[in-house]
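Data block below; observations after.
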Amino acid sequence: VSLQMMKHAWDNYKHYAWGLNELKPISKQGHSSNLFGNIQGATIVDALDTLYIMEMKEEFKEAKEWVEKNLDFNVNAEISVFEVNIRFVGGLLSAYYLSGEEVFRKKAVELGEKLLPAFNTPTGIPWALLNIKSGIGRNWPWASGGSSILAEFGTLHLEFVHLSHLSGNPVFAEKVMNIRKVLNRLDKPEGLYPNYLNPSSGQWGQHHVSIGGLGDSFYEYLLKAWLMSDKTDEDGKKMYYDAVQAIETHLIRKSSGGLTYIAEWKGGLLEHKMGHLTCFAGGMFALGADGAPNDKTGHHIELGAEIARTCHESYDRTRMKLGPEAFRFDGGVEAIATRQNEKYYILRPEVIETYMYMWRLTHDPKYRQWGWEAVEALEKHCRVDGGYSGIRDVYNNHESHDDVQQSFFLSETLKYLYLLFSEDDLLPFEHWVFNTEAHPLPVFHKDDENKEENQK
Ligand code: DMJ
């Protein structure tokens, strides 16, 4: 089924928006997001590995030809370093590792080089925004005290380590190792990482902590850096399990109805709100369970299962059976959005991602059932003639479509659905880690290094 869905999403993108970043499935035209500046083809690059994995060979070939002929980074454009890294660099790296086609390696390294000037700050903590022609960077004007964002500068590690590996140039890995060093030198309030860090002074901005937006994938990349290193990156391991400990103590709570949730922390006060983005953490806890210190393996699996259940409830308690952008546990509600501007669903993957991890790690059939419920809801409410669209209010009787088919719907949502209903030996966790945009990157096996050494 996810293959049919992919075909519908891809064919319509191709028909109406080929070469542009995303598709507007209602108005049947291209959608350009300023996150990518003038860089084009976000959907193509994001979808490459999904096409490959689903064995959509013709489509993969067209996509590859487009990349060869048209993907161009010599543009005068201000881009989001984070978005371009996770979607474009990550997408190209996966396409290279899966297919072995040199063009993807070349383009990934070329783009990586374009991103390097972002690190020209007094601390080496990169800017959020970068003009890839002039090399001038700056931060989001809304960010506390001119800060860079934890989830943005903390979500470069996996891709940059691979860029060094594939280019033979250590500079990429050095840049991200330096980010670790800066973080390790800083005092952390209650062991938590604030979402804002000033790249000039090296000081935290506002003490806001979130496992959802602005924080999320920083934690994910600590764990995955350790896994991708074949469990040799002890620093990443320690930072991850220490952070989870602090998160459990200060952020994780249980509602009176028995639902476990992860709240947000604002200078010591809890906001009892959980974002759809935060739902990825169920999968993360379960993925990290195996290495948990102090006999906590079972506990981390349980935590993952409880988050999965809560996020499923957030879907189940809506009219459309699709989850809202954020849901609350206060004012007499549990797992329900109360503010109008938090009731939308933009085809995000995090809940299905967690079902996929929970399925692989426990084989409890309920995760496939829940995934199936999501498929039915997507087909009923998001599928339109011209592709798939987000929804403005998941509690409403009637769909009001937002008219955007996000590129992560093809790279993540549909890929995780496909994996949820596939055998475990398709991209097995021993050999692959998924970047935060669901692009698989190979684990660096110690044995392979020995093999390489022996061959020299
Ligand atoms: C994706 O780009 C990535 O999953 C990112 O980590 C968070 N936001 C979107 C999907 O919701």
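How things are named: the first chain in the structure tokens is A, the next is B, and so on; residues count from 1 in each chain; ligands count from 1 in the order shown.
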Closest atom pairs, segment 179-249 of chain A residues within 10 Å of segment 437-448 of chain A, only C-alpha atoms, as CSV:
residue,atom,partner,partner_atom,distance
A:Ser217,CA,A:Glu437,CA,9.8
A:Lys224,CA,A:Val443,CA,9.5
A:Ala225,CA,A:Val443,CA,9.3
A:Trp226,CA,A:Val443,CA,9.6
A:Leu227,CA,A:Val443,CA,7.1
A:Met228,CA,A:Val443,CA,4.3
A:Ser229,CA,A:Phe444,CA,5.4
A:Asp230,CA,A:His445,CA,5.5
A:Lys231,CA,A:His445,CA,9.2
A:Thr232,CA,A:Lys446,CA,8.7
Just write the chosen residues, C-alpha atoms, as a CSV table (one decimal), in the first residue's frame.
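Generated file (selection00.csv):
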chain,number,residue,atom,x,y,z
A,217,SER,CA,17.1,15.7,16.8
A,224,LYS,CA,22.8,7.6,16.6
A,225,ALA,CA,26.4,8.9,16.5
A,226,TRP,CA,27.2,6.2,19.1
A,227,LEU,CA,25.4,3.5,17.2
A,228,MET,CA,26.8,4.6,13.8
A,229,SER,CA,30.4,4.4,15.3
A,230,ASP,CA,29.7,0.7,16.1
A,231,LYS,CA,29.4,1.8,19.7
A,232,THR,CA,32.9,3.3,19.9
Got a sec to check which residues lie within 7 Å of ligand 1, using only C-alpha atoms and all ligand atoms, and send them as an mmCIF file with C-alpha atoms, in the first residue's frame?
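This is the output file pocket-v3.cif:
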data_model
loop_
_atom_site.group_PDB
_atom_site.id
_atom_site.type_symbol
_atom_site.label_atom_id
_atom_site.label_comp_id
_atom_site.auth_asym_id
_atom_site.auth_seq_id
_atom_site.Cartn_x
_atom_site.Cartn_y
_atom_site.Cartn_z
ATOM 1 C CA GLU A 83 17.217 21.722 6.513
ATOM 2 C CA SER A 217 17.054 15.697 16.847
ATOM 3 C CA LEU A 277 7.549 16.288 16.772
ATOM 4 C CA ARG A 348 4.518 14.517 9.631
ATOM 5 C CA PRO A 349 6.203 11.141 10.233
ATOM 6 C CA GLU A 350 7.127 11.017 13.953
ATOM 7 C CA PHE A 408 9.358 14.603 4.229
ATOM 8 C CA THR A 436 16.482 12.626 11.168
ATOM 9 C CA GLU A 437 14.916 12.837 7.692
#
| said: With only C-alpha atoms as the counted atoms, please give the residues lying no more than 8 Å from segment 159-176 of chain A, apart from itself and same-chain residues fewer than 3 positions off, as a list of chain:residue names. | reply: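 What passes the distance filter is A:Asn85, A:Ile86, A:Val89, A:Gly90, A:Leu93, A:Arg105, A:Ala108, A:Val109, A:Gly112, A:Leu116, A:Phe119, A:Gly124, A:Leu156, A:Ile179, A:Arg180, A:Asn435.
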Could you write out the selected residues, including C-alpha atoms, as a short mmCIF file (atom, residue, chain, number, x, y, z; two decimals), in the first residue's frame?
data_model
loop_
_atom_site.label_atom_id
_atom_site.label_comp_id
_atom_site.auth_asym_id
_atom_site.auth_seq_id
_atom_site.Cartn_x
_atom_site.Cartn_y
_atom_site.Cartn_z
CA ASN A 85 21.88 19.19 5.61
CA ILE A 86 19.18 16.72 6.68
CA VAL A 89 23.18 16.12 2.16
CA GLY A 90 21.40 13.24 3.93
CA LEU A 93 24.53 10.31 1.03
CA ARG A 105 28.82 11.19 -3.52
CA ALA A 108 27.02 15.50 -1.32
CA VAL A 109 30.63 16.55 -0.81
CA GLY A 112 29.01 19.93 2.31
CA LEU A 116 31.39 25.05 5.81
CA PHE A 119 30.99 27.47 11.13
CA GLY A 124 32.49 27.34 15.88
CA LEU A 156 24.82 17.80 11.55
CA ILE A 179 30.30 21.44 18.69
CA ARG A 180 30.45 18.56 21.17
CA ASN A 435 19.24 10.38 9.85
#
| Nearest candidate to Arg392 of chain A (options A:Ser99, A:Asn341, A:Gln405, A:Gln369; using only C-alpha atoms) |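 Among the listed residues, A:Asn341 lies closest to Arg392 of chain A.
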| Between A:Phe327, A:Trp140, A:Trp66, A:Phe82, which has the minimum distance to Leu48 of chain A (counting only C-alpha atoms)? | A:Trp66
| Backbone DSSP call of helix (DSSP H, G or I) for segment 41-162 of chain A, listed as a PyMOL selection string | chain A and resi 42-53+57-70+81-99+102-119+144-146+150-153+157-162
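Counting only C-alpha atoms, Asn34 of chain A has the following residues at most 9 Å away, ignoring those fewer than 5 positions along the same chain: Glu78, Ile79 and Ser80 of chain A.
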| message | Could you go through segment 26-101 of chain A and tell me which residues DSSP, when run on the backbone, assigns to strand (DSSP E), listing them as a list in words? | response |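 Those in segment 26-101 of chain A that DSSP calls strand (DSSP E) are Gln29, Gly30, His31, Glu78, Ile79 and Ser80 of chain A.
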| field | Using only C-alpha atoms: which of A:Thr297, A:Gln4, A:Ser148, A:Asn12 has the shortest distance to Tyr388 of chain A | value | A:Asn12
| request: Considering only C-alpha atoms, return as an NGL selection string whatever protein or nucleic-acid residues lie within 10 Å of segment 57-62 of chain A, sequence-local ones (same chain, fewer than 6 positions apart) excluded. | output: :A and (7 or 10-11 or 14 or 44 or 47-51 or 68 or 95 or 99)
| How many Å lie between atom CA of Lys107 of chain A and atom CA of Glu152 of chain A, rounded to one decimal? | 21.6 Å
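The shortest atom-to-atom distance to Ile53 of chain A, with only C-alpha atoms taken into account, belongs to A:Leu98 out of A:Leu98, A:Met358, A:Met239, A:Glu271.
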| query | Near Ala128 of chain A, counting only C-alpha atoms, which residues have an atom at most 12 Å away, once you skip same-chain residues fewer than 2 positions from it, shown as a ChimeraX atom specification? | reply | /A:35,78-85,115,117-121,125-126,130-131,136-143,146-156,196-199,214
For those residues, write N, CA and C atoms to a file as a short mmCIF file (atom, residue, chain, number, x, y, z; two decimals), in the first residue's frame.
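And here is the file that came out, out09.cif:
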data_model
loop_
_atom_site.label_atom_id
_atom_site.label_comp_id
_atom_site.auth_asym_id
_atom_site.auth_seq_id
_atom_site.Cartn_x
_atom_site.Cartn_y
_atom_site.Cartn_z
N LEU A 35 13.17 27.77 3.05
CA LEU A 35 14.18 27.02 3.80
C LEU A 35 15.35 26.59 2.91
N GLU A 78 20.09 32.27 0.36
CA GLU A 78 20.24 32.08 1.80
C GLU A 78 19.41 30.87 2.19
N ILE A 79 20.07 29.89 2.79
CA ILE A 79 19.41 28.62 3.09
C ILE A 79 19.47 28.32 4.60
N SER A 80 18.62 27.39 5.04
CA SER A 80 18.73 26.86 6.40
C SER A 80 19.76 25.74 6.39
N VAL A 81 20.82 25.91 7.17
CA VAL A 81 21.91 24.94 7.19
C VAL A 81 21.37 23.57 7.62
N PHE A 82 20.51 23.56 8.63
CA PHE A 82 19.92 22.32 9.14
C PHE A 82 19.07 21.62 8.08
N GLU A 83 18.13 22.35 7.48
CA GLU A 83 17.22 21.72 6.51
C GLU A 83 17.97 21.19 5.30
N VAL A 84 18.93 21.99 4.82
CA VAL A 84 19.68 21.55 3.65
C VAL A 84 20.55 20.35 4.00
N ASN A 85 21.08 20.35 5.21
CA ASN A 85 21.88 19.19 5.61
C ASN A 85 21.04 17.92 5.72
N LEU A 115 28.53 24.39 2.81
CA LEU A 115 27.98 24.67 4.15
C LEU A 115 29.07 25.08 5.16
N PRO A 117 31.27 27.52 5.53
CA PRO A 117 31.39 28.88 6.08
C PRO A 117 30.41 29.16 7.23
N ALA A 118 29.38 28.33 7.38
CA ALA A 118 28.45 28.52 8.50
C ALA A 118 29.15 28.40 9.85
N PHE A 119 30.29 27.70 9.86
CA PHE A 119 30.99 27.47 11.13
C PHE A 119 31.94 28.61 11.48
N ASN A 120 32.02 29.63 10.63
CA ASN A 120 32.91 30.77 10.92
C ASN A 120 32.29 31.70 11.93
N THR A 121 32.25 31.25 13.18
CA THR A 121 31.76 32.05 14.30
C THR A 121 32.83 31.96 15.39
N ILE A 125 30.22 27.24 16.78
CA ILE A 125 28.80 26.83 16.72
C ILE A 125 28.22 27.50 15.46
N PRO A 126 27.68 26.73 14.51
CA PRO A 126 27.31 27.33 13.22
C PRO A 126 26.09 28.24 13.29
N LEU A 130 22.59 30.61 6.07
CA LEU A 130 23.84 30.88 5.37
C LEU A 130 23.55 31.25 3.92
N ASN A 131 24.21 32.31 3.46
CA ASN A 131 24.17 32.59 2.02
C ASN A 131 25.28 31.76 1.38
N ILE A 136 28.11 34.34 3.91
CA ILE A 136 27.73 35.10 5.11
C ILE A 136 26.59 34.41 5.84
N GLY A 137 26.78 34.27 7.16
CA GLY A 137 25.77 33.59 7.97
C GLY A 137 25.10 34.53 8.94
N ARG A 138 23.96 34.11 9.46
CA ARG A 138 23.27 34.85 10.53
C ARG A 138 22.32 33.89 11.21
N ASN A 139 21.67 34.36 12.28
CA ASN A 139 20.71 33.51 12.96
C ASN A 139 19.29 33.95 12.69
N TRP A 140 18.34 33.09 13.05
CA TRP A 140 16.92 33.45 12.88
C TRP A 140 16.65 34.71 13.70
N PRO A 141 16.00 35.69 13.13
CA PRO A 141 15.73 36.91 13.87
C PRO A 141 14.88 36.68 15.13
N TRP A 142 14.11 35.59 15.16
CA TRP A 142 13.24 35.34 16.32
C TRP A 142 13.95 34.62 17.46
N ALA A 143 15.16 34.12 17.22
CA ALA A 143 15.79 33.27 18.24
C ALA A 143 16.33 34.09 19.41
N GLY A 146 19.93 36.28 19.76
CA GLY A 146 20.83 36.00 18.63
C GLY A 146 21.39 34.59 18.64
N SER A 147 20.71 33.69 19.30
CA SER A 147 21.23 32.33 19.46
C SER A 147 21.08 31.45 18.22
N SER A 148 21.94 30.43 18.17
CA SER A 148 21.73 29.30 17.27
C SER A 148 20.84 28.30 18.01
N ILE A 149 20.22 27.37 17.25
CA ILE A 149 19.23 26.46 17.81
C ILE A 149 19.82 25.06 18.02
N LEU A 150 19.61 24.52 19.22
CA LEU A 150 20.17 23.21 19.58
C LEU A 150 19.88 22.13 18.54
N ALA A 151 18.61 22.02 18.13
CA ALA A 151 18.24 20.95 17.19
C ALA A 151 18.82 21.20 15.81
N GLU A 152 19.27 22.43 15.54
CA GLU A 152 19.85 22.70 14.22
C GLU A 152 21.35 22.41 14.21
N PHE A 153 22.09 23.02 15.14
CA PHE A 153 23.54 22.76 15.10
C PHE A 153 23.87 21.38 15.67
N GLY A 154 22.91 20.78 16.37
CA GLY A 154 23.12 19.44 16.92
C GLY A 154 22.68 18.33 15.98
N THR A 155 22.29 18.68 14.76
CA THR A 155 21.80 17.66 13.81
C THR A 155 22.60 17.72 12.52
N LEU A 156 23.92 17.80 12.70
CA LEU A 156 24.82 17.80 11.55
C LEU A 156 25.78 16.62 11.65
N TYR A 196 18.64 27.21 23.11
CA TYR A 196 19.30 28.37 22.50
C TYR A 196 20.74 28.50 22.98
N LEU A 197 21.67 28.68 22.04
CA LEU A 197 23.07 28.90 22.40
C LEU A 197 23.66 29.98 21.49
N ASN A 198 24.24 30.99 22.11
CA ASN A 198 24.78 32.11 21.32
C ASN A 198 26.15 31.73 20.73
N PRO A 199 26.29 31.79 19.40
CA PRO A 199 27.53 31.33 18.77
C PRO A 199 28.70 32.29 18.96
N LEU A 214 12.93 22.47 18.15
CA LEU A 214 14.09 23.22 18.63
C LEU A 214 15.09 22.40 19.45
#
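Distances to Trp359 of chain A were evaluated for A:Glu220, A:Asp424, A:Asp295, A:Asp187 using only C-alpha atoms, and the minimum falls at A:Asp424.
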| Computed interatomic separation between atom CA of Ala9 of chain A and atom CA of Gly387 of chain A (Å) | 4.8 Å
| remark: Of A:Leu347, A:Ala243, A:Thr123, A:Phe280, the one sitting nearest Ser200 of chain A when using only C-alpha atoms is A:Thr123
Contact residues around segment 301-318 of chain A with only C-alpha atoms at 6 Å, ignoring same-chain residues under 5 positions, as a short mmCIF file (atom, residue, chain, number, x, y, z; two decimals) with N, CA, C and O atoms, in the first residue's frame:
data_model
loop_
_atom_site.label_atom_id
_atom_site.label_comp_id
_atom_site.auth_asym_id
_atom_site.auth_seq_id
_atom_site.Cartn_x
_atom_site.Cartn_y
_atom_site.Cartn_z
N LEU A 259 -1.53 8.48 31.09
CA LEU A 259 -0.72 8.61 29.87
C LEU A 259 0.62 9.28 30.19
O LEU A 259 0.66 10.36 30.78
N THR A 260 1.69 8.64 29.77
CA THR A 260 3.02 9.21 29.96
C THR A 260 3.29 10.24 28.85
O THR A 260 3.03 9.96 27.69
N GLY A 282 9.64 8.18 21.35
CA GLY A 282 9.30 6.80 21.67
C GLY A 282 10.25 5.84 20.97
O GLY A 282 10.85 4.95 21.59
N GLY A 283 10.42 6.04 19.68
CA GLY A 283 11.34 5.21 18.90
C GLY A 283 12.78 5.36 19.38
O GLY A 283 13.52 4.39 19.46
N PHE A 285 13.89 6.17 22.45
CA PHE A 285 14.12 5.47 23.72
C PHE A 285 14.27 3.96 23.49
O PHE A 285 15.12 3.31 24.08
N ALA A 286 13.41 3.42 22.61
CA ALA A 286 13.46 1.98 22.36
C ALA A 286 14.76 1.61 21.64
O ALA A 286 15.42 0.61 21.98
N ALA A 289 17.56 1.45 24.04
CA ALA A 289 17.35 0.61 25.23
C ALA A 289 18.49 -0.37 25.46
O ALA A 289 18.95 -0.56 26.59
N GLY A 323 -2.99 12.89 14.07
CA GLY A 323 -2.64 13.66 15.27
C GLY A 323 -2.45 15.14 15.00
O GLY A 323 -2.02 15.55 13.93
N ALA A 335 -4.07 14.66 25.99
CA ALA A 335 -3.69 14.29 24.61
C ALA A 335 -4.60 14.91 23.55
O ALA A 335 -4.87 14.31 22.51
N TYR A 395 -9.78 17.95 14.06
CA TYR A 395 -10.97 17.70 14.88
C TYR A 395 -12.26 18.04 14.13
O TYR A 395 -13.35 17.82 14.63
#
| request: One decimal, Å: what's the distance from atom CA of Glu373 of chain A over to atom CA of Trp432 of chain A, could you say? | output: 27.3 Å
